[in-house]
$ cat final.tsv   # TSV, C-alpha atoms
chain	number	residue	atom	x	y	z
A	128	MET	CA	0.00	0.00	0.00
A	129	ALA	CA	1.46	3.33	-1.00
A	130	ARG	CA	2.39	5.73	1.72
A	131	ASN	CA	-0.22	8.20	0.48
A	132	ALA	CA	-2.93	5.59	0.91
A	133	ILE	CA	-1.72	4.88	4.46
A	134	ALA	CA	-1.67	8.61	5.14
A	135	ASP	CA	-5.26	8.83	3.94
A	136	LEU	CA	-6.18	5.97	6.25
A	137	TYR	CA	-4.37	7.72	9.09
A	138	GLU	CA	-6.54	10.78	8.51
A	139	ARG	CA	-9.77	8.82	8.37
A	140	ALA	CA	-9.18	6.12	10.97
A	141	GLY	CA	-6.32	7.34	13.16
A	142	HIS	CA	-8.65	8.74	15.79
A	143	LEU	CA	-10.66	5.50	15.83
A	144	VAL	CA	-7.55	3.38	16.42
A	145	HIS	CA	-6.42	5.85	19.08
A	146	ARG	CA	-9.78	5.66	20.80
A	147	ARG	CA	-9.57	1.86	21.00
A	148	CYS	CA	-5.98	2.02	22.24
A	149	VAL	CA	-6.98	4.44	25.00
A	150	ARG	CA	-9.46	1.84	26.18
A	151	MET	CA	-6.70	-0.73	26.44
A	152	LEU	CA	-3.90	1.43	27.85
A	153	ARG	CA	-5.83	4.17	29.66
A	154	ASP	CA	-3.12	6.58	28.63
A	155	PRO	CA	-3.91	8.91	25.69
A	156	GLU	CA	-0.30	9.76	24.96
A	157	GLU	CA	0.85	6.18	24.98
A	158	ALA	CA	-2.19	5.31	22.86
A	159	ALA	CA	-1.11	7.97	20.36
A	160	ASP	CA	2.34	6.37	20.26
A	161	VAL	CA	0.81	2.98	19.56
A	162	THR	CA	-1.45	4.42	16.87
A	163	HIS	CA	1.53	6.05	15.19
A	164	TRP	CA	3.48	2.80	15.46
A	165	VAL	CA	0.67	0.84	13.83
A	166	PHE	CA	0.50	3.11	10.80
A	167	VAL	CA	4.28	3.25	10.42
A	168	ARG	CA	4.20	-0.53	10.56
A	169	ALA	CA	1.63	-0.51	7.76
A	170	ILE	CA	4.03	1.51	5.62
A	171	GLU	CA	6.96	-0.73	6.50
A	172	ILE	CA	5.29	-3.97	5.53
A	173	GLY	CA	3.54	-2.48	2.51
A	174	PHE	CA	0.09	-3.21	3.90
A	175	GLU	CA	-2.33	-3.65	1.04
A	176	HIS	CA	-5.59	-1.75	1.40
A	177	ARG	CA	-8.49	-3.78	0.05
A	178	SER	CA	-11.53	-2.36	1.76
A	179	ASP	CA	-12.12	-0.07	4.70
A	180	GLY	CA	-13.49	-2.99	6.68
A	181	GLU	CA	-10.44	-5.13	6.12
A	182	SER	CA	-8.08	-2.25	6.81
A	183	LEU	CA	-9.83	-1.41	10.07
A	184	SER	CA	-9.64	-5.06	11.05
A	185	TRP	CA	-5.90	-5.16	10.41
A	186	LEU	CA	-5.33	-1.86	12.24
A	187	TYR	CA	-7.25	-3.07	15.29
A	188	ALA	CA	-5.55	-6.46	15.34
A	189	THR	CA	-2.11	-4.87	15.09
A	190	ALA	CA	-2.96	-2.26	17.72
A	191	THR	CA	-4.29	-4.95	20.06
A	192	ARG	CA	-1.09	-6.96	19.76
A	193	ARG	CA	1.02	-3.87	20.38
A	194	CYS	CA	-1.03	-2.88	23.41
A	195	LEU	CA	-0.85	-6.42	24.72
A	196	HIS	CA	2.91	-6.30	24.37
A	197	LEU	CA	3.01	-3.08	26.36
A	198	LEU	CA	0.63	-4.37	28.99
A	199	ARG	CA	2.69	-7.51	29.46
A	200	ASP	CA	5.93	-5.64	29.44
A	201	GLY	CA	7.44	-5.73	32.91
A	202	GLY	CA	8.54	-2.13	32.55
A	203	ASN	CA	4.93	-1.06	32.69
A	204	ARG	CA	4.06	-2.84	35.88
A	205	THR	CA	4.81	0.16	38.03
A	206	ARG	CA	2.55	2.30	35.92
A	207	LEU	CA	-0.14	-0.35	35.98
A	208	ARG	CA	0.09	-0.65	39.74
A	209	ALA	CA	-0.64	3.05	39.93
A	210	MET	CA	-3.87	2.34	38.08
A	211	HIS	CA	-5.10	-0.03	40.74
A	212	GLY	CA	-8.80	0.35	41.21
A	213	GLU	CA	-9.50	1.65	37.76
A	214	ARG	CA	-12.46	-0.07	36.19
A	215	LEU	CA	-12.57	-1.75	32.85
A	216	HIS	CA	-14.33	-0.14	29.97
A	217	PRO	CA	-18.09	-0.04	30.57
A	218	SER	CA	-18.76	-2.17	27.50
A	219	ALA	CA	-16.99	-5.15	29.06
A	220	PRO	CA	-19.42	-7.89	30.07
A	221	PRO	CA	-20.52	-7.50	33.72
A	222	ASP	CA	-19.00	-10.80	34.82
A	223	ALA	CA	-15.61	-9.99	33.38
A	224	GLU	CA	-15.71	-6.51	34.82
A	225	ASP	CA	-16.60	-7.76	38.25
A	226	GLU	CA	-14.00	-10.47	38.13
A	227	LEU	CA	-11.16	-8.41	36.78
A	228	GLY	CA	-11.90	-5.23	38.64
A	229	SER	CA	-8.84	-3.25	37.69
A	230	ARG	CA	-6.34	-2.78	34.94
A	231	GLN	CA	-3.63	-4.07	37.20
A	232	GLU	CA	-5.67	-7.18	37.68
A	233	LEU	CA	-6.22	-7.40	33.93
A	234	GLN	CA	-2.51	-7.17	33.29
A	235	ARG	CA	-1.90	-9.95	35.78
A	236	MET	CA	-4.58	-12.15	34.23
A	237	LEU	CA	-3.28	-11.56	30.74
A	238	SER	CA	0.09	-12.86	31.88
A	239	LEU	CA	-1.52	-16.18	32.92
A	240	VAL	CA	-2.79	-17.16	29.48
A	241	ASP	CA	-1.22	-17.73	26.11
A	242	GLU	CA	-0.85	-14.86	23.69
A	243	ARG	CA	-3.80	-15.75	21.45
A	244	THR	CA	-6.13	-16.05	24.43
A	245	ALA	CA	-4.80	-12.78	25.82
A	246	GLU	CA	-5.38	-11.00	22.50
A	247	ILE	CA	-8.94	-12.24	22.32
A	248	ALA	CA	-9.60	-11.31	25.95
A	249	LEU	CA	-8.27	-7.84	25.33
A	250	ALA	CA	-10.31	-7.41	22.17
A	251	THR	CA	-13.57	-8.63	23.66
A	252	TYR	CA	-13.50	-7.57	27.30
A	253	VAL	CA	-11.57	-4.32	27.01
A	254	MET	CA	-12.09	-3.11	23.45
A	255	GLY	CA	-15.68	-4.27	23.69
A	256	LEU	CA	-15.78	-6.19	20.39
A	257	SER	CA	-18.29	-8.97	19.85
A	258	ASN	CA	-17.11	-12.56	19.33
A	259	ASP	CA	-18.01	-12.21	15.67
A	260	ARG	CA	-15.88	-9.10	15.25
A	261	ALA	CA	-12.96	-10.54	17.19
A	262	ALA	CA	-13.05	-13.67	15.05
A	263	GLU	CA	-12.93	-11.58	11.92
A	264	MET	CA	-10.15	-9.43	13.33
A	265	PHE	CA	-7.86	-12.29	14.27
A	266	GLN	CA	-9.01	-14.50	11.37
A	267	VAL	CA	-10.13	-17.35	13.59
A	268	SER	CA	-13.51	-19.01	14.00
A	269	VAL	CA	-16.15	-17.62	16.32
A	270	ARG	CA	-15.92	-20.90	18.20
A	271	THR	CA	-12.20	-20.29	18.80
A	272	VAL	CA	-13.02	-16.89	20.24
A	273	GLY	CA	-15.65	-18.45	22.48
A	274	ARG	CA	-13.21	-21.08	23.73
A	275	ALA	CA	-10.54	-18.45	24.38
A	276	ARG	CA	-13.01	-16.43	26.42
A	277	GLN	CA	-14.00	-19.51	28.39
A	278	THR	CA	-10.34	-20.24	29.07
A	279	PHE	CA	-9.73	-16.70	30.17
A	280	GLU	CA	-12.78	-16.62	32.41
A	281	ALA	CA	-11.73	-19.92	33.98
A	282	VAL	CA	-8.29	-18.50	34.73
A	283	VAL	CA	-9.89	-15.44	36.29
A	284	ARG	CA	-12.19	-17.54	38.46
A	285	GLN	CA	-9.39	-19.86	39.53
A	286	SER	CA	-7.13	-16.98	40.39
A	287	ARG	CA	-9.90	-15.37	42.43
A	288	ALA	CA	-10.57	-18.61	44.26
A	289	GLU	CA	-6.91	-18.99	45.11
A	290	GLU	CA	-6.79	-15.46	46.42
A	291	VAL	CA	-9.79	-16.06	48.66
A	292	SER	CA	-8.44	-19.34	49.99
B	12	MET	CA	-14.86	-6.17	9.80
B	13	SER	CA	-16.37	-5.73	6.49
B	14	ARG	CA	-19.87	-6.18	7.81
B	15	PHE	CA	-21.10	-2.68	7.37
B	16	GLN	CA	-23.87	-3.88	5.11
B	17	LEU	CA	-26.45	-5.44	7.29
B	18	LEU	CA	-29.14	-8.01	7.04
B	19	PRO	CA	-32.49	-6.97	8.52
B	20	VAL	CA	-32.00	-9.30	11.47
B	21	GLU	CA	-28.68	-7.68	12.42
B	22	ALA	CA	-28.37	-4.58	14.51
B	23	PRO	CA	-25.60	-2.11	13.69
B	24	ASP	CA	-22.77	-2.27	16.21
B	25	GLU	CA	-19.98	0.09	17.17
B	26	VAL	CA	-17.72	-1.07	14.33
B	27	ASP	CA	-20.48	-0.37	11.81
B	28	LEU	CA	-20.62	3.16	13.16
B	29	GLU	CA	-16.83	3.40	12.97
B	30	LEU	CA	-16.84	2.32	9.35
B	31	ALA	CA	-19.47	4.93	8.58
B	32	GLU	CA	-17.31	7.48	10.43
B	33	MET	CA	-14.38	6.51	8.19
B	34	GLY	CA	-16.48	7.24	5.13
B	35	ALA	CA	-16.69	3.61	4.01
B	36	PRO	CA	-19.05	3.12	1.04
B	37	LEU	CA	-22.52	2.12	2.19
B	38	HIS	CA	-25.76	1.30	0.51
B	39	ALA	CA	-28.28	4.05	1.14
B	40	THR	CA	-30.57	1.71	3.05
B	41	GLN	CA	-27.68	0.54	5.23
B	42	ARG	CA	-26.69	4.08	6.04
B	43	GLU	CA	-30.26	4.82	7.09
B	44	ARG	CA	-30.22	1.87	9.47
B	45	ILE	CA	-26.87	2.85	10.93
B	46	ASP	CA	-28.01	6.45	11.32
B	47	ALA	CA	-31.11	5.22	13.11
B	48	ALA	CA	-29.19	3.03	15.58
B	49	PRO	CA	-30.10	3.92	19.18
B	50	GLU	CA	-26.52	4.64	20.19
B	51	ALA	CA	-25.56	6.48	16.99
B	52	ASP	CA	-25.61	9.99	18.44
B	53	GLU	CA	-23.66	8.97	21.52
B	54	LEU	CA	-21.01	7.21	19.45
B	55	ARG	CA	-20.69	10.08	17.00
B	56	ALA	CA	-20.06	12.41	19.91
B	57	SER	CA	-17.45	9.96	21.14
B	58	PHE	CA	-15.80	9.91	17.71
B	59	ALA	CA	-15.71	13.70	17.61
B	60	GLU	CA	-14.08	13.81	21.02
B	61	ALA	CA	-11.61	11.12	19.94
B	62	ARG	CA	-10.70	13.15	16.88
B	63	ARG	CA	-10.05	16.23	18.99
B	64	ASP	CA	-7.86	14.24	21.37
B	65	PHE	CA	-6.00	12.56	18.58
B	66	ASP	CA	-5.42	15.79	16.64
B	67	ARG	CA	-3.78	17.16	19.78
B	68	LEU	CA	-1.51	14.15	20.29
B	69	ARG	CA	-0.89	12.74	16.85
B	70	ARG	CA	2.53	12.56	15.29
B	71	PRO	CA	3.14	12.94	11.56
B	72	LEU	CA	3.86	9.84	9.57
B	73	PRO	CA	7.41	9.63	8.23
B	74	HIS	CA	7.94	10.14	4.52
B	75	GLN	CA	10.13	7.06	4.50
B	76	PRO	CA	10.02	4.48	7.29
B	77	ALA	CA	13.24	4.16	9.25
B	78	ASN	CA	13.10	0.41	9.07
B	79	ASP	CA	12.00	-0.17	5.51
B	80	VAL	CA	11.65	-3.89	4.99
B	81	ARG	CA	10.24	-3.68	1.50
B	82	PRO	CA	13.31	-5.12	-0.29
B	83	TRP	CA	13.01	-8.23	1.88
B	84	ARG	CA	9.32	-8.33	1.13
B	85	TRP	CA	10.08	-8.64	-2.57
B	86	VAL	CA	12.47	-11.50	-1.90
B	87	ALA	CA	9.83	-13.25	0.19
B	88	ALA	CA	7.15	-12.54	-2.41
B	89	ALA	CA	9.31	-14.00	-5.18
B	90	ALA	CA	9.93	-17.13	-3.13
B	91	ALA	CA	6.23	-17.45	-2.32
B	92	LEU	CA	5.30	-16.97	-5.96
B	93	ALA	CA	7.72	-19.67	-7.06
B	94	ALA	CA	6.33	-22.03	-4.44
B	95	ALA	CA	2.75	-21.21	-5.45
B	96	ILE	CA	3.48	-21.85	-9.13
B	97	GLY	CA	4.99	-25.19	-8.18
B	98	LEU	CA	1.93	-26.13	-6.15
B	99	VAL	CA	-0.46	-25.10	-8.90
B	100	VAL	CA	1.45	-27.12	-11.49
B	101	LEU	CA	1.35	-30.12	-9.20
B	102	ALA	CA	-2.28	-29.68	-8.20
B	103	ARG	CA	-3.90	-28.97	-11.59
B	104	GLY	CA	-4.96	-32.05	-13.45
B	105	PRO	CA	-6.04	-32.26	-17.07
B	106	ASP	CA	-9.73	-31.93	-16.19
B	107	ASP	CA	-9.30	-29.07	-13.75
B	108	ASP	CA	-12.14	-26.61	-14.34
B	109	GLY	CA	-10.77	-24.00	-11.96
B	110	VAL	CA	-12.85	-25.01	-8.96
B	111	ARG	CA	-11.04	-24.13	-5.79
B	112	ALA	CA	-10.97	-26.48	-2.85
B	113	MET	CA	-13.25	-25.10	-0.16
B	114	GLY	CA	-15.28	-26.55	2.66
B	115	GLY	CA	-18.56	-25.12	1.37
B	116	LEU	CA	-20.06	-21.82	0.27
B	117	PRO	CA	-21.46	-20.28	3.44
B	118	VAL	CA	-24.42	-18.15	2.44
B	119	ASP	CA	-26.63	-16.45	5.00
B	120	LEU	CA	-30.23	-15.81	4.07
B	121	ALA	CA	-32.68	-13.68	5.93
B	122	VAL	CA	-36.30	-12.98	5.15
B	123	ARG	CA	-38.51	-10.01	5.81
B	124	HIS	CA	-42.06	-11.25	5.60
B	125	VAL	CA	-44.93	-9.20	4.29
B	126	ASP	CA	-46.05	-8.49	7.86
B	127	GLY	CA	-42.66	-6.97	8.67
B	128	THR	CA	-41.36	-9.82	10.80
B	129	THR	CA	-37.98	-11.30	9.96
B	130	GLY	CA	-36.76	-14.86	9.97
B	131	THR	CA	-35.23	-17.68	8.00
B	132	PRO	CA	-36.47	-18.93	4.63
B	133	GLU	CA	-38.30	-22.08	5.73
B	134	HIS	CA	-41.77	-20.67	5.22
B	135	LEU	CA	-42.15	-18.20	2.41
B	136	ALA	CA	-45.01	-16.40	0.72
B	137	ALA	CA	-45.41	-14.07	-2.21
B	138	GLY	CA	-44.25	-10.58	-1.26
B	139	ASP	CA	-41.58	-11.76	1.15
B	140	GLU	CA	-38.15	-10.20	0.70
B	141	LEU	CA	-34.95	-12.22	0.68
B	142	PHE	CA	-31.61	-10.83	1.83
B	143	VAL	CA	-28.42	-12.60	0.84
B	144	LYS	CA	-24.98	-12.44	2.41
B	145	LEU	CA	-21.83	-14.49	2.22
B	146	VAL	CA	-18.17	-14.29	3.11
B	147	ALA	CA	-16.09	-14.78	0.00
B	148	PRO	CA	-13.78	-17.79	0.31
B	149	ALA	CA	-11.23	-16.20	-2.02
B	150	ASP	CA	-10.91	-13.49	-4.63
B	151	GLY	CA	-13.55	-14.00	-7.30
B	152	VAL	CA	-17.02	-13.08	-8.45
B	153	VAL	CA	-20.40	-13.76	-6.81
B	154	GLU	CA	-23.49	-14.32	-8.94
B	155	VAL	CA	-27.00	-14.47	-7.52
B	156	VAL	CA	-29.94	-15.86	-9.49
B	157	THR	CA	-33.29	-17.50	-8.98
B	158	VAL	CA	-34.38	-20.38	-11.16
B	159	GLN	CA	-37.93	-21.71	-11.45
B	160	ASP	CA	-39.01	-25.24	-12.28
B	161	ASP	CA	-40.34	-23.96	-15.64
B	162	GLY	CA	-36.81	-22.82	-16.57
B	163	ALA	CA	-37.30	-19.11	-15.95
B	164	VAL	CA	-34.15	-17.50	-14.57
B	165	SER	CA	-33.93	-14.11	-12.85
B	166	ILE	CA	-30.48	-12.64	-12.42
B	167	LEU	CA	-30.37	-10.69	-9.16
B	168	ASP	CA	-26.66	-9.90	-9.38
B	169	PRO	CA	-24.81	-10.72	-12.61
B	170	GLY	CA	-21.42	-10.63	-10.93
B	171	HIS	CA	-19.97	-8.79	-7.99
B	172	ASP	CA	-16.19	-8.72	-7.57
B	173	VAL	CA	-15.19	-9.83	-4.10
B	174	ARG	CA	-11.93	-10.17	-2.26
B	175	ALA	CA	-11.00	-13.08	-0.04
B	176	ARG	CA	-12.82	-12.96	3.32
B	177	GLU	CA	-14.80	-9.93	2.18
B	178	ARG	CA	-18.45	-9.96	3.09
B	179	PHE	CA	-20.79	-9.68	0.15
B	180	VAL	CA	-24.34	-8.48	0.66
B	181	LEU	CA	-26.81	-8.46	-2.18
B	182	ASP	CA	-27.80	-4.87	-2.81
B	183	GLY	CA	-31.41	-4.49	-1.77
B	184	ALA	CA	-33.67	-7.50	-1.49
B	185	ALA	CA	-35.26	-10.09	-3.76
B	186	ARG	CA	-39.02	-9.76	-3.54
B	187	LEU	CA	-40.83	-13.05	-4.19
B	188	ASP	CA	-43.57	-13.04	-6.82
B	189	ASP	CA	-46.60	-15.33	-6.88
B	190	HIS	CA	-45.00	-18.18	-8.84
B	191	HIS	CA	-46.87	-21.35	-7.86
B	192	GLY	CA	-44.25	-23.91	-8.82
B	193	ARG	CA	-40.91	-24.67	-7.25
B	194	GLU	CA	-38.12	-22.11	-7.24
B	195	TRP	CA	-34.55	-21.95	-5.96
B	196	LEU	CA	-32.14	-19.21	-5.04
B	197	VAL	CA	-28.70	-19.99	-6.39
B	198	VAL	CA	-25.57	-18.17	-5.26
B	199	THR	CA	-22.50	-19.07	-7.26
B	200	TRP	CA	-18.92	-18.08	-6.65
B	201	VAL	CA	-16.69	-18.16	-9.72
B	202	ASP	CA	-13.14	-17.17	-10.52
B	203	ARG	CA	-14.07	-14.80	-13.31
B	204	GLY	CA	-17.23	-12.95	-14.31
B	205	ARG	CA	-19.50	-14.41	-16.99
B	206	ASP	CA	-22.01	-12.89	-19.36
B	207	ALA	CA	-25.77	-13.09	-18.73
B	208	VAL	CA	-26.33	-15.79	-21.34
B	209	SER	CA	-23.80	-18.08	-19.67
B	210	ILE	CA	-25.22	-17.40	-16.23
B	211	GLU	CA	-28.76	-18.23	-17.36
B	212	ALA	CA	-27.67	-21.37	-19.21
B	213	ASP	CA	-25.73	-22.51	-16.16
B	214	ALA	CA	-28.76	-21.92	-13.92
B	215	ARG	CA	-31.08	-23.88	-16.23
B	216	SER	CA	-28.64	-26.76	-16.38
B	217	LEU	CA	-29.23	-27.29	-12.67
B	218	LEU	CA	-32.83	-28.39	-13.24
B	219	PRO	CA	-34.72	-30.48	-12.36
B	220	ASP	CA	-32.97	-30.71	-8.98
B	221	PRO	CA	-30.73	-27.67	-8.35
B	222	ALA	CA	-30.09	-28.70	-4.75
B	223	ALA	CA	-28.14	-31.71	-6.04
B	224	HIS	CA	-25.62	-29.27	-7.52
B	225	ALA	CA	-24.84	-27.43	-4.28
B	226	GLY	CA	-21.17	-27.57	-3.43
B	227	PRO	CA	-18.12	-25.63	-2.45
B	228	ARG	CA	-18.74	-22.96	-5.05
B	229	ARG	CA	-22.51	-22.97	-5.14
B	230	SER	CA	-25.27	-22.53	-2.58
B	231	VAL	CA	-28.80	-23.61	-3.48
B	232	THR	CA	-31.82	-22.78	-1.34
B	233	GLU	CA	-35.37	-23.73	-2.23
B	234	ILE	CA	-37.63	-20.69	-2.01
B	235	THR	CA	-40.86	-22.32	-3.09
B	236	ARG	CA	-43.80	-20.44	-1.57
B	237	GLY	CA	-46.20	-22.14	0.82
B	238	ARG	CA	-44.13	-25.25	1.43
$ encode --input "final.tsv" --output "structure tokens"
Amino acid sequence: MARNAIADLYERAGHLVHRRCVRMLRDPEEAADVTHWVFVRAIEIGFEHRSDGESLSWLYATATRRCLHLLRDGGNRTRLRAMHGERLHPSAPPDAEDELGSRQELQRMLSLVDERTAEIALATYVMGLSNDRAAEMFQVSVRTVGRARQTFEAVVRQSRAEEVS
Amino acid sequence: MSRFQLLPVEAPDEVDLELAEMGAPLHATQRERIDAAPEADELRASFAEARRDFDRLRRPLPHQPANDVRPWRWVAAAAALAAAIGLVVLARGPDDDGVRAMGGLPVDLAVRHVDGTTGTPEHLAAGDELFVKLVAPADGVVEVVTVQDDGAVSILDPGHDVRARERFVLDGAARLDDHHGREWLVVTWVDRGRDAVSIEADARSLLPDPAAHAGPRRSVTEITRGR
């Protein structure tokens, strides 16, 4: 994809990617860095624009992976600890929100599952995407998304039970 | 995330609104439905706020990426092309008609009945409207026709170019007439577009039992009224 086409996409969708990244990172400046990184990455790999839907899917998937990397990065743990008590995005399902409670808790839970499960958990519980959308975004089946969510919820419940005991 | 064209049984979601915000091409009827979504105003306000925030924080894109990997991409592309050519040569037999190996052509059908209710096409009546959607298995062309037991063929879409994994939605709806015999909706995915004569001849060749010809590149649904 030519740089000009990426630049056009940056104009039209940059704020949408940023908005989703803010949900995941709760830091507008860091979210702007991730957004910039995603579009630079698109230029670097010569991302081919086919349709707006497919482009948005790729942008969100790449942004999710980058945010997950940052969330799992040990260097961010101090910052995440400072966020203790902050609630998940309101669009997260009530059970997940109740269970996870805080971004610090989310970061800890994400570290307990494999990367694919963590990506799907981030996309569905934090970004607020439906299973259908997440499946399209990561190019997996809806059933795979459902299983990943079940796995993640089981890890959350088990971790909670261990804490209580 | 190409589903910004909606069947009547689907409600627009946040991504649909985002695609509209991006200026993605929409059918007029789809735009009306998205505009009428209950949360549309709230989300548009959120988008406007996001744009203000992003305009304040955004950094310009570089004219040339610092880590330009494109030369390596060409090397990888050349290797992939060579491998693909080898596979095609090995895979194509003398009788290969270009059919691609797929698990099935997944077509979604929805119906809006005359009374305004929506559902699936098990029970149909004259005046009902059919909505057709599928996810393209690969780059190609989607054709949508109806064929009646008397050989009459109606071409609803003579060929719509689709990309792999792109969601195709038939523009508008197919309104059922009062034909009393049997009728089938046939959705065919082909590598290259065909002219109307070929499409009609192909559809007629499916009779008397079009359903027997359903397969990885063709979906057949009986739409006989009053079954």
$ closest_residue --input "final.tsv" --among "A:Ile247, A:Val165, A:Val253, A:Met236" --to "chain B" --atoms "all atoms listed in the file"
A:Val165
$ atom_distance --input "final.tsv" --atom1 "atom CA of Glu194 of chain B" --atom2 "atom CA of Glu233 of chain B"
5.9 Å
$ atom_distance --input "final.tsv" --atom1 "atom CA of Leu30 of chain B" --atom2 "atom CA of Val143 of chain B"
20.7 Å
$ atom_distance --input "final.tsv" --atom1 "atom CA of Thr191 of chain A" --atom2 "atom CA of Gln266 of chain A"
13.7 Å
$ residues_around --input "final.tsv" --residues "segment 153-164 of chain A" --least-positions-apart "5" --cutoff "10 Å" --atoms "only C-alpha atoms" --output "PyMOL selection string"
(chain A and resi 137+140-148+169-170+186-187+189-191+193-194+197+207+210+213+215-216+230) or (chain B and resi 61+64-73)
$ decode --input "final.tsv" --residues "segment 151-193 of chain B" --atoms "C-alpha atoms" --output "mmCIF file, in the first residue's frame"
data_model
loop_
_atom_site.group_PDB
_atom_site.id
_atom_site.type_symbol
_atom_site.label_atom_id
_atom_site.label_comp_id
_atom_site.auth_asym_id
_atom_site.auth_seq_id
_atom_site.Cartn_x
_atom_site.Cartn_y
_atom_site.Cartn_z
ATOM 1 C CA GLY B 151 -13.545 -13.996 -7.299
ATOM 2 C CA VAL B 152 -17.022 -13.077 -8.454
ATOM 3 C CA VAL B 153 -20.396 -13.755 -6.811
ATOM 4 C CA GLU B 154 -23.486 -14.321 -8.939
ATOM 5 C CA VAL B 155 -26.996 -14.473 -7.515
ATOM 6 C CA VAL B 156 -29.939 -15.858 -9.493
ATOM 7 C CA THR B 157 -33.289 -17.499 -8.978
ATOM 8 C CA VAL B 158 -34.380 -20.383 -11.159
ATOM 9 C CA GLN B 159 -37.926 -21.708 -11.452
ATOM 10 C CA ASP B 160 -39.015 -25.240 -12.284
ATOM 11 C CA ASP B 161 -40.336 -23.964 -15.640
ATOM 12 C CA GLY B 162 -36.814 -22.821 -16.571
ATOM 13 C CA ALA B 163 -37.298 -19.113 -15.949
ATOM 14 C CA VAL B 164 -34.154 -17.501 -14.571
ATOM 15 C CA SER B 165 -33.929 -14.114 -12.855
ATOM 16 C CA ILE B 166 -30.476 -12.641 -12.417
ATOM 17 C CA LEU B 167 -30.367 -10.691 -9.160
ATOM 18 C CA ASP B 168 -26.660 -9.899 -9.384
ATOM 19 C CA PRO B 169 -24.809 -10.721 -12.611
ATOM 20 C CA GLY B 170 -21.420 -10.625 -10.926
ATOM 21 C CA HIS B 171 -19.974 -8.786 -7.995
ATOM 22 C CA ASP B 172 -16.195 -8.720 -7.571
ATOM 23 C CA VAL B 173 -15.189 -9.833 -4.099
ATOM 24 C CA ARG B 174 -11.925 -10.168 -2.256
ATOM 25 C CA ALA B 175 -10.996 -13.079 -0.036
ATOM 26 C CA ARG B 176 -12.818 -12.958 3.319
ATOM 27 C CA GLU B 177 -14.801 -9.933 2.182
ATOM 28 C CA ARG B 178 -18.453 -9.956 3.094
ATOM 29 C CA PHE B 179 -20.794 -9.679 0.151
ATOM 30 C CA VAL B 180 -24.340 -8.482 0.658
ATOM 31 C CA LEU B 181 -26.812 -8.459 -2.185
ATOM 32 C CA ASP B 182 -27.803 -4.874 -2.805
ATOM 33 C CA GLY B 183 -31.410 -4.490 -1.774
ATOM 34 C CA ALA B 184 -33.669 -7.503 -1.490
ATOM 35 C CA ALA B 185 -35.256 -10.094 -3.764
ATOM 36 C CA ARG B 186 -39.022 -9.762 -3.537
ATOM 37 C CA LEU B 187 -40.830 -13.046 -4.194
ATOM 38 C CA ASP B 188 -43.566 -13.042 -6.816
ATOM 39 C CA ASP B 189 -46.604 -15.332 -6.880
ATOM 40 C CA HIS B 190 -44.998 -18.180 -8.837
ATOM 41 C CA HIS B 191 -46.869 -21.347 -7.855
ATOM 42 C CA GLY B 192 -44.252 -23.914 -8.819
ATOM 43 C CA ARG B 193 -40.907 -24.667 -7.246
#
